[in-house]
Structures are given as structure tokens and as C-alpha cells.
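File shown: my_file-v6.pdb (PDB, N, CA, C and O atoms).
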```pdb
ATOM      1  N   MET A 562     -69.888 153.877 -66.117
ATOM      2  CA  MET A 562     -69.823 153.395 -67.487
ATOM      3  C   MET A 562     -68.953 152.142 -67.582
ATOM      4  O   MET A 562     -69.197 151.289 -68.408
ATOM      5  N   ASP A 563     -67.928 152.060 -66.754
ATOM      6  CA  ASP A 563     -67.078 150.874 -66.759
ATOM      7  C   ASP A 563     -67.893 149.616 -66.476
ATOM      8  O   ASP A 563     -67.599 148.556 -67.008
ATOM      9  N   ASP A 564     -68.896 149.787 -65.645
ATOM     10  CA  ASP A 564     -69.777 148.678 -65.294
ATOM     11  C   ASP A 564     -70.434 148.083 -66.534
ATOM     12  O   ASP A 564     -70.491 146.872 -66.697
ATOM     13  N   ILE A 565     -70.911 148.947 -67.401
ATOM     14  CA  ILE A 565     -71.571 148.500 -68.629
ATOM     15  C   ILE A 565     -70.569 147.804 -69.540
ATOM     16  O   ILE A 565     -70.864 146.746 -70.112
ATOM     17  N   GLU A 566     -69.377 148.377 -69.669
ATOM     18  CA  GLU A 566     -68.347 147.775 -70.521
ATOM     19  C   GLU A 566     -67.939 146.399 -70.002
ATOM     20  O   GLU A 566     -67.736 145.473 -70.787
ATOM     21  N   GLU A 567     -67.822 146.265 -68.694
ATOM     22  CA  GLU A 567     -67.476 144.968 -68.104
ATOM     23  C   GLU A 567     -68.584 143.952 -68.366
ATOM     24  O   GLU A 567     -68.308 142.791 -68.681
ATOM     25  N   LEU A 568     -69.820 144.388 -68.249
ATOM     26  CA  LEU A 568     -70.951 143.503 -68.512
ATOM     27  C   LEU A 568     -70.982 143.094 -69.982
ATOM     28  O   LEU A 568     -71.166 141.910 -70.306
ATOM     29  N   LEU A 569     -70.769 144.051 -70.872
ATOM     30  CA  LEU A 569     -70.744 143.743 -72.299
ATOM     31  C   LEU A 569     -69.601 142.779 -72.630
ATOM     32  O   LEU A 569     -69.774 141.855 -73.445
ATOM     33  N   GLU A 570     -68.460 142.965 -72.014
ATOM     34  CA  GLU A 570     -67.335 142.065 -72.246
ATOM     35  C   GLU A 570     -67.670 140.648 -71.765
ATOM     36  O   GLU A 570     -67.331 139.664 -72.426
ATOM     37  N   SER A 571     -68.361 140.536 -70.652
ATOM     38  CA  SER A 571     -68.782 139.223 -70.164
ATOM     39  C   SER A 571     -69.740 138.560 -71.146
ATOM     40  O   SER A 571     -69.652 137.362 -71.399
ATOM     41  N   PHE A 572     -70.652 139.348 -71.716
ATOM     42  CA  PHE A 572     -71.556 138.804 -72.745
ATOM     43  C   PHE A 572     -70.771 138.344 -73.969
ATOM     44  O   PHE A 572     -71.051 137.295 -74.537
ATOM     45  N   ARG A 573     -69.791 139.150 -74.388
ATOM     46  CA  ARG A 573     -68.970 138.765 -75.549
ATOM     47  C   ARG A 573     -68.245 137.449 -75.295
ATOM     48  O   ARG A 573     -68.206 136.568 -76.162
ATOM     49  N   ILE A 574     -67.663 137.323 -74.113
ATOM     50  CA  ILE A 574     -66.956 136.092 -73.756
ATOM     51  C   ILE A 574     -67.918 134.910 -73.754
ATOM     52  O   ILE A 574     -67.607 133.845 -74.301
ATOM     53  N   LEU A 575     -69.084 135.091 -73.154
ATOM     54  CA  LEU A 575     -70.057 134.006 -73.086
ATOM     55  C   LEU A 575     -70.518 133.585 -74.473
ATOM     56  O   LEU A 575     -70.527 132.396 -74.803
ATOM     57  N   TYR A 576     -70.884 134.554 -75.319
ATOM     58  CA  TYR A 576     -71.333 134.216 -76.667
ATOM     59  C   TYR A 576     -70.224 133.548 -77.486
ATOM     60  O   TYR A 576     -70.476 132.571 -78.198
ATOM     61  N   ALA A 577     -69.010 134.056 -77.388
ATOM     62  CA  ALA A 577     -67.890 133.461 -78.125
ATOM     63  C   ALA A 577     -67.611 132.048 -77.628
ATOM     64  O   ALA A 577     -67.365 131.131 -78.430
ATOM     65  N   SER A 578     -67.671 131.852 -76.322
ATOM     66  CA  SER A 578     -67.435 130.523 -75.753
ATOM     67  C   SER A 578     -68.507 129.538 -76.197
ATOM     68  O   SER A 578     -68.211 128.399 -76.555
ATOM     69  N   LEU A 579     -69.754 129.991 -76.181
ATOM     70  CA  LEU A 579     -70.846 129.116 -76.619
ATOM     71  C   LEU A 579     -70.683 128.722 -78.083
ATOM     72  O   LEU A 579     -70.924 127.570 -78.457
ATOM     73  N   GLU A 580     -70.268 129.675 -78.909
ATOM     74  CA  GLU A 580     -70.063 129.372 -80.317
ATOM     75  C   GLU A 580     -68.949 128.341 -80.499
ATOM     76  O   GLU A 580     -69.083 127.392 -81.276
ATOM     77  N   LYS A 581     -67.857 128.506 -79.781
ATOM     78  CA  LYS A 581     -66.756 127.542 -79.862
ATOM     79  C   LYS A 581     -67.189 126.167 -79.364
ATOM     80  O   LYS A 581     -66.819 125.143 -79.945
ATOM     81  N   LEU A 582     -67.982 126.143 -78.288
ATOM     82  CA  LEU A 582     -68.475 124.862 -77.767
ATOM     83  C   LEU A 582     -69.395 124.180 -78.780
ATOM     84  O   LEU A 582     -69.350 122.960 -78.934
ATOM     85  N   ARG A 583     -70.239 124.954 -79.471
ATOM     86  CA  ARG A 583     -71.139 124.393 -80.483
ATOM     87  C   ARG A 583     -70.363 123.733 -81.621
ATOM     88  O   ARG A 583     -70.826 122.772 -82.221
ATOM     89  N   GLN A 584     -69.209 124.280 -81.914
ATOM     90  CA  GLN A 584     -68.413 123.778 -83.027
ATOM     91  C   GLN A 584     -67.579 122.549 -82.665
ATOM     92  O   GLN A 584     -67.063 121.878 -83.560
ATOM     93  N   MET A 585     -67.480 122.254 -81.404
ATOM     94  CA  MET A 585     -66.664 121.106 -80.991
ATOM     95  C   MET A 585     -67.374 119.802 -81.312
ATOM     96  O   MET A 585     -68.598 119.706 -81.233
ATOM     97  N   GLU A 586     -66.577 118.815 -81.668
ATOM     98  CA  GLU A 586     -67.079 117.472 -81.966
ATOM     99  C   GLU A 586     -66.281 116.473 -81.137
ATOM    100  O   GLU A 586     -65.121 116.711 -80.799
ATOM    101  N   GLY A 587     -66.895 115.353 -80.852
ATOM    102  CA  GLY A 587     -66.262 114.317 -80.042
ATOM    103  C   GLY A 587     -64.895 113.866 -80.525
ATOM    104  O   GLY A 587     -63.955 113.785 -79.723
ATOM    105  N   PRO A 588     -64.726 113.546 -81.816
ATOM    106  CA  PRO A 588     -63.432 113.025 -82.276
ATOM    107  C   PRO A 588     -62.260 113.985 -82.065
ATOM    108  O   PRO A 588     -61.127 113.544 -81.906
ATOM    109  N   GLU A 589     -62.510 115.281 -82.050
ATOM    110  CA  GLU A 589     -61.399 116.213 -81.881
ATOM    111  C   GLU A 589     -60.776 116.132 -80.487
ATOM    112  O   GLU A 589     -59.659 116.579 -80.269
ATOM    113  N   PHE A 590     -61.482 115.521 -79.551
ATOM    114  CA  PHE A 590     -60.925 115.368 -78.208
ATOM    115  C   PHE A 590     -59.764 114.377 -78.180
ATOM    116  O   PHE A 590     -59.053 114.276 -77.194
ATOM    117  N   LEU A 591     -59.593 113.646 -79.263
ATOM    118  CA  LEU A 591     -58.466 112.718 -79.351
ATOM    119  C   LEU A 591     -57.159 113.459 -79.642
ATOM    120  O   LEU A 591     -56.078 112.919 -79.418
ATOM    121  N   LEU A 592     -57.255 114.690 -80.128
ATOM    122  CA  LEU A 592     -56.059 115.473 -80.431
ATOM    123  C   LEU A 592     -55.418 115.971 -79.132
ATOM    124  O   LEU A 592     -56.119 116.269 -78.162
ATOM    125  N   PRO A 593     -54.110 116.078 -79.092
ATOM    126  CA  PRO A 593     -53.410 116.518 -77.885
ATOM    127  C   PRO A 593     -53.867 117.903 -77.414
ATOM    128  O   PRO A 593     -54.008 118.828 -78.214
ATOM    129  N   GLY A 594     -54.123 118.016 -76.145
ATOM    130  CA  GLY A 594     -54.482 119.289 -75.539
ATOM    131  C   GLY A 594     -55.923 119.722 -75.700
ATOM    132  O   GLY A 594     -56.340 120.725 -75.130
ATOM    133  N   ARG A 595     -56.702 118.977 -76.464
ATOM    134  CA  ARG A 595     -58.084 119.398 -76.732
ATOM    135  C   ARG A 595     -58.983 119.297 -75.500
ATOM    136  O   ARG A 595     -59.870 120.130 -75.311
ATOM    137  N   ILE A 596     -58.766 118.302 -74.678
ATOM    138  CA  ILE A 596     -59.603 118.165 -73.481
ATOM    139  C   ILE A 596     -59.311 119.313 -72.516
ATOM    140  O   ILE A 596     -60.240 119.898 -71.943
ATOM    141  N   ASP A 597     -58.038 119.671 -72.375
ATOM    142  CA  ASP A 597     -57.685 120.802 -71.516
ATOM    143  C   ASP A 597     -58.291 122.097 -72.065
ATOM    144  O   ASP A 597     -58.801 122.925 -71.304
ATOM    145  N   ALA A 598     -58.223 122.290 -73.378
ATOM    146  CA  ALA A 598     -58.798 123.482 -74.003
ATOM    147  C   ALA A 598     -60.309 123.528 -73.775
ATOM    148  O   ALA A 598     -60.875 124.602 -73.506
ATOM    149  N   TYR A 599     -60.954 122.377 -73.874
ATOM    150  CA  TYR A 599     -62.400 122.283 -73.629
ATOM    151  C   TYR A 599     -62.732 122.709 -72.198
ATOM    152  O   TYR A 599     -63.638 123.517 -71.972
ATOM    153  N   HIS A 600     -61.976 122.189 -71.244
ATOM    154  CA  HIS A 600     -62.231 122.525 -69.839
ATOM    155  C   HIS A 600     -62.001 124.021 -69.576
ATOM    156  O   HIS A 600     -62.784 124.656 -68.863
ATOM    157  N   THR A 601     -60.958 124.577 -70.153
ATOM    158  CA  THR A 601     -60.680 126.004 -69.998
ATOM    159  C   THR A 601     -61.794 126.839 -70.605
ATOM    160  O   THR A 601     -62.260 127.816 -69.990
ATOM    161  N   LEU A 602     -62.237 126.475 -71.777
ATOM    162  CA  LEU A 602     -63.323 127.185 -72.449
ATOM    163  C   LEU A 602     -64.602 127.124 -71.621
ATOM    164  O   LEU A 602     -65.301 128.127 -71.444
ATOM    165  N   LEU A 603     -64.902 125.964 -71.097
ATOM    166  CA  LEU A 603     -66.087 125.787 -70.270
ATOM    167  C   LEU A 603     -65.999 126.630 -68.996
ATOM    168  O   LEU A 603     -66.969 127.302 -68.616
ATOM    169  N   GLU A 604     -64.841 126.641 -68.359
ATOM    170  CA  GLU A 604     -64.646 127.451 -67.155
ATOM    171  C   GLU A 604     -64.812 128.938 -67.457
ATOM    172  O   GLU A 604     -65.436 129.666 -66.674
ATOM    173  N   ASP A 605     -64.256 129.382 -68.574
ATOM    174  CA  ASP A 605     -64.394 130.786 -68.968
ATOM    175  C   ASP A 605     -65.857 131.152 -69.214
ATOM    176  O   ASP A 605     -66.312 132.231 -68.818
ATOM    177  N   ALA A 606     -66.579 130.261 -69.857
ATOM    178  CA  ALA A 606     -67.998 130.508 -70.149
ATOM    179  C   ALA A 606     -68.803 130.612 -68.857
ATOM    180  O   ALA A 606     -69.619 131.526 -68.696
ATOM    181  N   TYR A 607     -68.578 129.689 -67.940
ATOM    182  CA  TYR A 607     -69.306 129.733 -66.670
ATOM    183  C   TYR A 607     -68.925 130.951 -65.836
ATOM    184  O   TYR A 607     -69.780 131.547 -65.168
ATOM    185  N   ALA A 608     -67.656 131.349 -65.877
ATOM    186  CA  ALA A 608     -67.229 132.545 -65.139
ATOM    187  C   ALA A 608     -67.915 133.789 -65.706
ATOM    188  O   ALA A 608     -68.401 134.638 -64.945
ATOM    189  N   ALA A 609     -67.966 133.898 -67.025
ATOM    190  CA  ALA A 609     -68.639 135.038 -67.657
ATOM    191  C   ALA A 609     -70.126 135.032 -67.312
ATOM    192  O   ALA A 609     -70.696 136.076 -66.981
ATOM    193  N   TYR A 610     -70.742 133.863 -67.368
ATOM    194  CA  TYR A 610     -72.159 133.754 -67.027
ATOM    195  C   TYR A 610     -72.391 134.175 -65.566
ATOM    196  O   TYR A 610     -73.357 134.888 -65.264
ATOM    197  N   GLY A 611     -71.513 133.769 -64.687
ATOM    198  CA  GLY A 611     -71.635 134.134 -63.269
ATOM    199  C   GLY A 611     -71.553 135.642 -63.066
ATOM    200  O   GLY A 611     -72.311 136.212 -62.275
ATOM    201  N   ARG A 612     -70.642 136.300 -63.788
ATOM    202  CA  ARG A 612     -70.534 137.758 -63.687
ATOM    203  C   ARG A 612     -71.810 138.423 -64.190
ATOM    204  O   ARG A 612     -72.307 139.389 -63.585
ATOM    205  N   ILE A 613     -72.350 137.922 -65.279
ATOM    206  CA  ILE A 613     -73.601 138.468 -65.829
ATOM    207  C   ILE A 613     -74.736 138.272 -64.836
ATOM    208  O   ILE A 613     -75.499 139.203 -64.547
ATOM    209  N   GLU A 614     -74.845 137.068 -64.324
ATOM    210  CA  GLU A 614     -75.916 136.751 -63.387
ATOM    211  C   GLU A 614     -75.846 137.631 -62.135
ATOM    212  O   GLU A 614     -76.868 138.167 -61.688
ATOM    213  N   ASN A 615     -74.645 137.819 -61.602
ATOM    214  CA  ASN A 615     -74.486 138.667 -60.419
ATOM    215  C   ASN A 615     -74.888 140.106 -60.701
ATOM    216  O   ASN A 615     -75.558 140.750 -59.890
ATOM    217  N   ARG A 616     -74.476 140.620 -61.857
ATOM    218  CA  ARG A 616     -74.796 142.009 -62.194
ATOM    219  C   ARG A 616     -76.294 142.184 -62.431
ATOM    220  O   ARG A 616     -76.884 143.187 -62.001
ATOM    221  N   VAL A 617     -76.922 141.221 -63.089
ATOM    222  CA  VAL A 617     -78.367 141.292 -63.321
ATOM    223  C   VAL A 617     -79.114 141.237 -61.986
ATOM    224  O   VAL A 617     -80.080 141.980 -61.776
ATOM    225  N   ASP A 618     -78.665 140.402 -61.071
ATOM    226  CA  ASP A 618     -79.288 140.344 -59.746
ATOM    227  C   ASP A 618     -79.169 141.694 -59.029
ATOM    228  O   ASP A 618     -80.125 142.166 -58.413
ATOM    229  N   THR A 619     -77.992 142.311 -59.129
ATOM    230  CA  THR A 619     -77.776 143.614 -58.507
ATOM    231  C   THR A 619     -78.680 144.673 -59.133
ATOM    232  O   THR A 619     -79.298 145.474 -58.424
ATOM    233  N   LEU A 620     -78.766 144.665 -60.461
ATOM    234  CA  LEU A 620     -79.649 145.609 -61.144
ATOM    235  C   LEU A 620     -81.107 145.386 -60.761
ATOM    236  O   LEU A 620     -81.863 146.346 -60.575
ATOM    237  N   GLY A 621     -81.508 144.142 -60.645
ATOM    238  CA  GLY A 621     -82.874 143.825 -60.237
ATOM    239  C   GLY A 621     -83.180 144.359 -58.850
ATOM    240  O   GLY A 621     -84.262 144.913 -58.603
ATOM    241  N   GLN A 622     -82.207 144.226 -57.940
ATOM    242  CA  GLN A 622     -82.397 144.746 -56.584
ATOM    243  C   GLN A 622     -82.488 146.266 -56.591
ATOM    244  O   GLN A 622     -83.315 146.850 -55.895
ATOM    245  N   GLN A 623     -81.656 146.906 -57.397
ATOM    246  CA  GLN A 623     -81.714 148.369 -57.504
ATOM    247  C   GLN A 623     -83.057 148.823 -58.059
ATOM    248  O   GLN A 623     -83.639 149.805 -57.587
ATOM    249  N   LEU A 624     -83.563 148.105 -59.046
ATOM    250  CA  LEU A 624     -84.869 148.427 -59.619
ATOM    251  C   LEU A 624     -85.970 148.281 -58.572
ATOM    252  O   LEU A 624     -86.838 149.151 -58.431
ATOM    253  N   GLU A 625     -85.937 147.196 -57.820
ATOM    254  CA  GLU A 625     -86.938 146.994 -56.766
ATOM    255  C   GLU A 625     -86.854 148.088 -55.713
ATOM    256  O   GLU A 625     -87.890 148.577 -55.236
ATOM    257  N   ASP A 626     -85.637 148.474 -55.333
ATOM    258  CA  ASP A 626     -85.465 149.535 -54.334
ATOM    259  C   ASP A 626     -86.056 150.852 -54.822
ATOM    260  O   ASP A 626     -86.745 151.550 -54.064
ATOM    261  N   GLU A 627     -85.788 151.203 -56.074
ATOM    262  CA  GLU A 627     -86.332 152.449 -56.631
ATOM    263  C   GLU A 627     -87.845 152.376 -56.749
ATOM    264  O   GLU A 627     -88.549 153.359 -56.475
ATOM    265  N   HIS A 628     -88.350 151.224 -57.142
ATOM    266  CA  HIS A 628     -89.800 151.022 -57.249
ATOM    267  C   HIS A 628     -90.455 151.241 -55.885
ATOM    268  O   HIS A 628     -91.451 151.981 -55.765
ATOM    269  N   THR A 629     -89.893 150.626 -54.859
ATOM    270  CA  THR A 629     -90.434 150.760 -53.506
ATOM    271  C   THR A 629     -90.376 152.209 -53.043
ATOM    272  O   THR A 629     -91.348 152.743 -52.500
ATOM    273  N   ARG A 630     -89.239 152.850 -53.264
ATOM    274  CA  ARG A 630     -89.063 154.243 -52.855
ATOM    275  C   ARG A 630     -90.088 155.144 -53.539
ATOM    276  O   ARG A 630     -90.738 155.971 -52.894
ATOM    277  N   LEU A 631     -90.248 154.972 -54.841
ATOM    278  CA  LEU A 631     -91.166 155.831 -55.585
ATOM    279  C   LEU A 631     -92.624 155.521 -55.289
ATOM    280  O   LEU A 631     -93.466 156.429 -55.284
ATOM    281  N   ASP A 632     -92.947 154.259 -55.031
ATOM    282  CA  ASP A 632     -94.329 153.911 -54.663
ATOM    283  C   ASP A 632     -94.748 154.602 -53.368
ATOM    284  O   ASP A 632     -95.897 154.998 -53.227
ATOM    285  N   LYS A 633     -93.811 154.760 -52.448
ATOM    286  CA  LYS A 633     -94.129 155.465 -51.196
ATOM    287  C   LYS A 633     -94.527 156.899 -51.500
ATOM    288  O   LYS A 633     -95.469 157.441 -50.910
ATOM    289  N   GLY A 634     -93.811 157.528 -52.427
ATOM    290  CA  GLY A 634     -94.139 158.899 -52.819
ATOM    291  C   GLY A 634     -95.464 158.987 -53.541
ATOM    292  O   GLY A 634     -96.241 159.922 -53.332
ATOM    293  N   VAL A 635     -95.737 158.017 -54.394
ATOM    294  CA  VAL A 635     -96.997 158.004 -55.132
ATOM    295  C   VAL A 635     -98.168 157.862 -54.179
ATOM    296  O   VAL A 635     -99.181 158.566 -54.289
ATOM    297  N   LYS A 636     -98.048 156.998 -53.195
ATOM    298  CA  LYS A 636     -99.121 156.787 -52.216
ATOM    299  C   LYS A 636     -99.313 158.018 -51.351
ATOM    300  O   LYS A 636    -100.430 158.366 -50.980
ATOM    301  N   LYS A 637     -98.189 158.671 -51.052
ATOM    302  CA  LYS A 637     -98.252 159.882 -50.210
ATOM    303  C   LYS A 637     -98.983 161.011 -50.925
ATOM    304  O   LYS A 637     -99.749 161.733 -50.329
ATOM    305  N   TYR A 638     -98.736 161.156 -52.231
ATOM    306  CA  TYR A 638     -99.323 162.266 -52.984
ATOM    307  C   TYR A 638    -100.554 161.870 -53.791
ATOM    308  O   TYR A 638    -101.221 162.718 -54.348
ATOM    309  N   GLY A 639    -100.802 160.563 -53.878
ATOM    310  CA  GLY A 639    -101.915 160.118 -54.712
ATOM    311  C   GLY A 639    -103.119 159.827 -53.983
ATOM    312  O   GLY A 639    -104.052 160.125 -53.538
TER     313      GLY A 639
END
```

Please express what this file holds, its structure, as C-alpha cells.
Amino acid sequence: MDDIEELLESFRILYASLEKLRQMEGPEFLLPGRIDAYHTLLEDAYAAYGRIENRVDTLGQQLEDEHTRLDKGVKKYG
């Protein structure tokens, strides 16, 4: 279950980061610290996306493995 919570948290981070990025405008980068905040936000978004992508790839592999395993049984009995 922790796996699901971690995945959901990564989605929350990604969606929140995307929303903050959408709200950013060029002129605000003139304010002190805004460029650093932008880079941090972008890094967090990509890190969350990477965690999601890795987990989805793992789930896809598990699905393929189960599909292959069960197809062998279906062919054997079908």
C-alpha cells in the first residue's frame, strides 16, 4: 500500500509543480531568488515525473509477466 501512496504523492507533486509553472511569468524572474525557485520547482517536477515513469514501467512489466504466465495456462487447457 505504501507503493500506491508514494505514487499518489509523486502525482500530487507533479500536478502542483505544473500549476505553479503555468502561473509563472517572465517579468517575475527579475525579483530576487525567483530564478533559483524556478529551477528548484522544475527539478522537483522532473523528479516526480521520473518516479511516476519508473513505477508505471515496473507495473507494465508485471502486467506483461502475468499475461504471459496466464496465456501459457490458457493454451494448456484451451

Query - Interatomic distance, atom O of A:Glu586 to atom N of A:Ala606 (Å, one decimal) - result: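 Going from atom O of A:Glu586 over to atom N of A:Ala606, I get 17.5 Å.
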
Query raised in the report: Near A:Phe572, counting only N, CA, C and O atoms, which residues have an atom at most 8 Å away, once you skip same-chain residues fewer than 6 positions from it, shown as a PyMOL selection string?
Result: chain A and resi 565-566+578-579+609-610+612-613

Query raised in the report: atom CA of A:Thr619 to atom CA of A:Ser571: how many Å, to one decimal?
Result: 15.4 Å

Query - Distance in Å - atom CA of A:Asp564 versus atom O of A:Ala608 - result: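 Interatomic distance, atom CA of A:Asp564 to atom O of A:Ala608: 14.1 Å.
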
Requested in this report: Rank nothing, just name the residue among A:Glu580, A:Asp632, A:Glu570, A:Glu625 nearest to A:Leu602, using only C-alpha atoms.
Outcome: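 Closest to A:Leu602, using only C-alpha atoms: A:Glu580.
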
Query raised in the report: Can you list every residue in chain A that DSSP puts in alpha helix (DSSP H), as a PyMOL selection string?
Result: chain A and resi 563-584+595-638
